[in-house]
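> Would you mind keeping the following structure in view while I ask a few things?
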Amino acid sequence: MSLIHEDRLFPADAAARAVARRLYASVKDLPIVSPHGHTDPAWYAQNAAFADPAALLVVPDHYIFRMLYSQGVRLEDLGIATVDGTPVEADPRAIWRRFAAHYHLFRGTPTRLWLDHTFATLFDLDVRLSERTADLYYDHIAERLARPEYRPRALFDRFNIEVIATTESPLDDLRHHAAIRASGWNGRVVTAYRPDPVVDPDFAGFRDNVRALGEITGCDVGTFAGYLEAHRRRRAYFKEFGATSTDHGHPTARTADLSPVETEALYARVMGGSATAEDAELFRAQMLTEMAAMSLDDGLVMQIHPGSARNHNPRLLARFGRDKGADIPTRTDYVGALKPLLDRFGNERALTVIVFTLDETTYARELAPLAGHYPALRLGPAWWFHDSPEGMRRFREQTTETAGFYNTVGFNDDTRAFPSIPARHDVARRIDCAFLAELVVGHRLDEDEAHELAHDLAYRLAKEAYKL
């Protein structure tokens, strides 16, 4: 038996499937451009062997443990570290067996697609993972991980990654990126500037973080002007390590364009500890506009990832900390929220603002018309909950008629589990080829145009949008 079918995700119609096969054959081996993600730069810097199958595939992947948690599996039993250091499951084989016993929960999900692709193409497995085959899988994968060709840099080359961006806080010293550069290795790993800890007043330790930013940069963050200068200096430092983008994970897409007097007073309230919830939201809104101004100056592409009620489960947040699979999509406004920023910068051809959403209802109503008009605006692809085959398909169906293909930016894999990167890109390439094939057989697109588009969606658009 094979874990993956060669025609997976292609149209059922024979004529469309034949076109999809031809399109996919022309793009399946293109290099991977991964402009935004959460892989650990230490992997590439140290090039150490991955510890075990559980540490590689289960423990870092919230797609996996959020599903298991929803079915009653304790995060402690999956080896997820606690905030207070309370002991958790430390036996990787036990973690793996628990995961394998619940693998049926992933039937029909994108996680199943990614994992089966990884098991089949990276580890040459041809039996389904289950409680019965758990040890067979564990032993086989563990043996492979001990080989030199399964270390991070070798896998980077095997996956045909042209460039990958990691994501770091302004407070990160980028030591791992420095180590990569000093090593002489030719793999291209760049950083991205994620300022949430120092622009979101609701972020834990925000005021201490801002003071630390001032110390790192030598700026007086007691004034708003000094605070902005600290950002400018830190962004320049990130650019030295290859950064071409910033990333902003705000609760909403709200932007603002306050006067200098209003902004200084708002900053004083935020730093003085007297800010209200509205002040915090207004400060985040102002900072998106300030960051757009900086991007126009320094050329960094700006990414906005709004619309997530992060850490929705307070018990999980208290016990395990941030980003443990309890981030839930919310209704998000873009037309009104982005207007202050677009009034000031929307017509700038030298600026690129890439907007993502977790609210699919905005695709056709708001995002596609906005990106189909403003030169500065581009649409990020289906993201996170919607980086599924169905989500990718809906994205194309609802945005293409108004924004076209060329106001979008290819595929963004947004992964924490390194081996899933080629799997995710493969899914995206198949879905786009299937969509294009149906346009061809419906006589809305010639096949030569579809081939050009397939290449653009798989490779060129992401590389150009992110200046990589």
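By order in the structure tokens, chains are A, B, ...; within a chain, residues start at 1; ligands start at 1, following the order shown.
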Env of Pro152 of chain A: 10 Å cut, atoms = only C-alpha atoms, seq-sep filter 5 positions within chain, self excluded. Answer as a PDB file with N, CA and C atoms, in the first residue's frame.

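File written: out33.pdb
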ATOM      1  N   ALA A  42      18.512  27.886  15.394  1.00  0.00           N
ATOM      2  CA  ALA A  42      19.550  27.065  16.023  1.00  0.00           C
ATOM      3  C   ALA A  42      19.746  25.749  15.284  1.00  0.00           C
ATOM      4  N   TRP A  43      18.688  25.233  14.666  1.00  0.00           N
ATOM      5  CA  TRP A  43      18.826  23.991  13.903  1.00  0.00           C
ATOM      6  C   TRP A  43      19.901  24.145  12.831  1.00  0.00           C
ATOM      7  N   TYR A  44      19.837  25.243  12.098  1.00  0.00           N
ATOM      8  CA  TYR A  44      20.771  25.434  10.987  1.00  0.00           C
ATOM      9  C   TYR A  44      22.147  25.868  11.489  1.00  0.00           C
ATOM     10  N   ALA A  45      22.160  26.581  12.601  1.00  0.00           N
ATOM     11  CA  ALA A  45      23.438  27.040  13.151  1.00  0.00           C
ATOM     12  C   ALA A  45      24.251  25.884  13.710  1.00  0.00           C
ATOM     13  N   GLN A  46      23.606  25.014  14.475  1.00  0.00           N
ATOM     14  CA  GLN A  46      24.307  23.931  15.167  1.00  0.00           C
ATOM     15  C   GLN A  46      24.386  22.660  14.337  1.00  0.00           C
ATOM     16  N   ASN A  47      23.409  22.474  13.458  1.00  0.00           N
ATOM     17  CA  ASN A  47      23.358  21.299  12.585  1.00  0.00           C
ATOM     18  C   ASN A  47      23.461  19.991  13.373  1.00  0.00           C
ATOM     19  N   ALA A  48      22.849  19.968  14.532  1.00  0.00           N
ATOM     20  CA  ALA A  48      22.843  18.754  15.353  1.00  0.00           C
ATOM     21  C   ALA A  48      21.734  17.828  14.888  1.00  0.00           C
ATOM     22  N   ALA A  49      21.912  16.558  15.149  1.00  0.00           N
ATOM     23  CA  ALA A  49      20.873  15.591  14.800  1.00  0.00           C
ATOM     24  C   ALA A  49      19.609  15.879  15.608  1.00  0.00           C
ATOM     25  N   PHE A  50      18.446  15.702  14.977  1.00  0.00           N
ATOM     26  CA  PHE A  50      17.189  15.819  15.703  1.00  0.00           C
ATOM     27  C   PHE A  50      17.111  14.684  16.718  1.00  0.00           C
ATOM     28  N   LEU A 145      17.083   9.373  11.648  1.00  0.00           N
ATOM     29  CA  LEU A 145      17.517  10.648  12.225  1.00  0.00           C
ATOM     30  C   LEU A 145      18.959  10.600  12.717  1.00  0.00           C
ATOM     31  N   ASP A 157      19.009  21.079   2.053  1.00  0.00           N
ATOM     32  CA  ASP A 157      19.394  20.852   0.663  1.00  0.00           C
ATOM     33  C   ASP A 157      18.466  19.837  -0.009  1.00  0.00           C
ATOM     34  N   ARG A 158      18.131  18.768   0.694  1.00  0.00           N
ATOM     35  CA  ARG A 158      17.260  17.741   0.128  1.00  0.00           C
ATOM     36  C   ARG A 158      15.888  18.306  -0.220  1.00  0.00           C
ATOM     37  N   PHE A 418       9.842  21.342  10.848  1.00  0.00           N
ATOM     38  CA  PHE A 418      10.689  21.453   9.663  1.00  0.00           C
ATOM     39  C   PHE A 418      10.332  20.453   8.562  1.00  0.00           C
ATOM     40  N   PRO A 419      10.105  19.159   8.878  1.00  0.00           N
ATOM     41  CA  PRO A 419       9.852  18.207   7.790  1.00  0.00           C
ATOM     42  C   PRO A 419       8.560  18.451   7.029  1.00  0.00           C
TER      43      PRO A 419
END
> At a cut-off of 8 Å, can you tabulate as a tab-separated table every residue of segment 21-111 of chain A near segment 316-328 of chain A together with its closest atom pair and the distance in Å to one decimal, using only C-alpha atoms and ordering rows by chain then number?

residue	atom	partner	partner_atom	distance
A:His62	CA	A:Gly325	CA	5.1
A:Tyr63	CA	A:Gly325	CA	7.0
A:Phe65	CA	A:Gly325	CA	7.3
A:Arg66	CA	A:Gly325	CA	5.0
A:Ile80	CA	A:Phe320	CA	7.4
A:Ala81	CA	A:Phe320	CA	6.4
A:Thr82	CA	A:Phe320	CA	4.5
A:Val83	CA	A:Phe320	CA	5.1
A:Asp84	CA	A:Arg319	CA	7.3
> Just the residues within 8 Å of Glu438 of chain A, please, counting only C-alpha atoms, with nothing from its chain fewer than 4 positions along; format it as a list in words.
Pro11, Ala16, Ala434 and Gly442 of chain A
> How about saving the chosen residues, N, CA and C atoms kept, as a compact mmCIF listing (two decimals), in the first residue's frame?

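Listed below is the output, selection.txt:
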# COMPACT_ATOMS: atom_id res chain seq x y z
N PRO A 11 -8.36 17.19 -9.81
CA PRO A 11 -9.79 17.10 -10.10
C PRO A 11 -10.22 15.67 -10.43
N ALA A 16 -9.73 17.55 -16.77
CA ALA A 16 -9.08 18.52 -15.88
C ALA A 16 -7.91 17.87 -15.15
N ALA A 434 -4.67 22.28 -9.78
CA ALA A 434 -6.03 21.81 -9.97
C ALA A 434 -6.96 22.97 -10.32
N GLY A 442 -12.40 24.78 -18.78
CA GLY A 442 -13.57 25.64 -18.92
C GLY A 442 -13.38 26.73 -19.96
> Write out as a ChimeraX atom specification which residues come within 9 Å of Ile421 of chain A when counting only C-alpha atoms, dropping same-chain ones fewer than 5 positions away.
/A:32,34,114,159,413-416,426
> Only N, CA and C atoms, please: the residues just picked out, written as an mmCIF file, in the first residue's frame.

data_model
loop_
_atom_site.group_PDB
_atom_site.id
_atom_site.type_symbol
_atom_site.label_atom_id
_atom_site.label_comp_id
_atom_site.auth_asym_id
_atom_site.auth_seq_id
_atom_site.Cartn_x
_atom_site.Cartn_y
_atom_site.Cartn_z
ATOM 1 N N ILE A 32 12.023 25.744 -3.147
ATOM 2 C CA ILE A 32 11.085 26.245 -2.152
ATOM 3 C C ILE A 32 11.551 27.608 -1.661
ATOM 4 N N SER A 34 10.501 30.028 1.255
ATOM 5 C CA SER A 34 9.724 29.989 2.499
ATOM 6 C C SER A 34 9.903 31.325 3.220
ATOM 7 N N TRP A 114 0.052 16.328 5.329
ATOM 8 C CA TRP A 114 1.461 16.687 5.521
ATOM 9 C C TRP A 114 2.254 15.525 6.123
ATOM 10 N N PHE A 159 15.377 19.207 0.620
ATOM 11 C CA PHE A 159 14.075 19.810 0.374
ATOM 12 C C PHE A 159 14.120 20.850 -0.738
ATOM 13 N N ASP A 413 4.294 29.003 4.095
ATOM 14 C CA ASP A 413 4.044 27.738 4.803
ATOM 15 C C ASP A 413 3.868 27.872 6.308
ATOM 16 N N ASP A 414 4.348 28.925 6.940
ATOM 17 C CA ASP A 414 4.040 29.229 8.347
ATOM 18 C C ASP A 414 4.204 28.016 9.273
ATOM 19 N N THR A 415 5.294 27.290 9.127
ATOM 20 C CA THR A 415 5.427 26.024 9.860
ATOM 21 C C THR A 415 6.413 26.114 11.013
ATOM 22 N N ARG A 416 6.195 25.243 12.009
ATOM 23 C CA ARG A 416 7.162 25.043 13.091
ATOM 24 C C ARG A 416 7.848 23.683 12.974
ATOM 25 N N ASP A 426 3.922 21.168 -1.449
ATOM 26 C CA ASP A 426 3.365 20.222 -2.414
ATOM 27 C C ASP A 426 1.846 20.335 -2.465
#
> Residues near Arg460 of chain A, anyone? I mean within 9 Å using only C-alpha atoms, not counting same-chain ones fewer than 6 positions away, as a CSV table (one decimal) with N, CA and C atoms, in the first residue's frame.

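This went into result.csv:
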chain,number,residue,atom,x,y,z
A,33,VAL,N,10.7,28.6,-1.7
A,33,VAL,CA,10.9,29.9,-1.1
A,33,VAL,C,9.9,29.9,0.1
A,409,VAL,N,0.5,36.7,-3.2
A,409,VAL,CA,2.0,36.5,-3.0
A,409,VAL,C,2.5,35.0,-2.9
A,410,GLY,N,1.8,34.2,-3.7
A,410,GLY,CA,2.3,32.8,-3.7
A,410,GLY,C,1.9,32.1,-2.4
> Pick out each residue of segment 87-187 of chain A that DSSP on the backbone tags as strand (DSSP E); I need them as a list in words.
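These are the residues in question: Ile161, Glu162, Val163, Ile164 and Ala165 of chain A.
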> So which residues touch Arg175 of chain A within 12 Å, counting only C-alpha atoms, skipping near sequence neighbours fewer than 2 positions away, as a list in words?
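Surrounding residues, per the criterion: Asp40, Pro41, Ala42, Tyr44, Ala45, Gln46, Glu168, Leu171, Asp172, Asp173, His177, Ala178, Ala179, Ile180, Arg181, Ala182, Thr191, Phe238 and Phe241 of chain A.
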> Name the residues in contact with segment 380-397 of chain A at a cut-off of 8 Å, using only C-alpha atoms, excluding same-chain residues fewer than 5 positions from it; report them as a PyMOL selection string.
chain A and resi 9+109-110+354-358+360+363+408-414+427-428+431-432+435
> Can you list, as a PyMOL selection string, all residues belonging to segment 267-386 of chain A that DSSP tags as alpha helix (DSSP H)?
chain A and resi 267-272+277-298+314-320+339-345+362+368-371
> Please indicate the distance in Å from atom CA of Ala454 of chain A to atom CA of Val27 of chain A, rounded to one decimal place.
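Atom CA of Val27 of chain A lies at a distance of 6.8 Å from atom CA of Ala454 of chain A.
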> Given the choices A:His250, A:Arg74, A:Arg315, A:His455, which gets closest to Glu281 of chain A if the distance is worked out from only C-alpha atoms?
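Checking each of A:His250, A:Arg74, A:Arg315, A:His455 against Glu281 of chain A, counting only C-alpha atoms, the winner is A:His250.
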> Select, from A:Pro375, A:Gly37, A:Pro201, A:Pro251, the residue with the minimum atom-to-atom distance to Thr276 of chain A, counting only C-alpha atoms.
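When distances to Thr276 of chain A are compared using only C-alpha atoms, the smallest one comes from A:Pro201.
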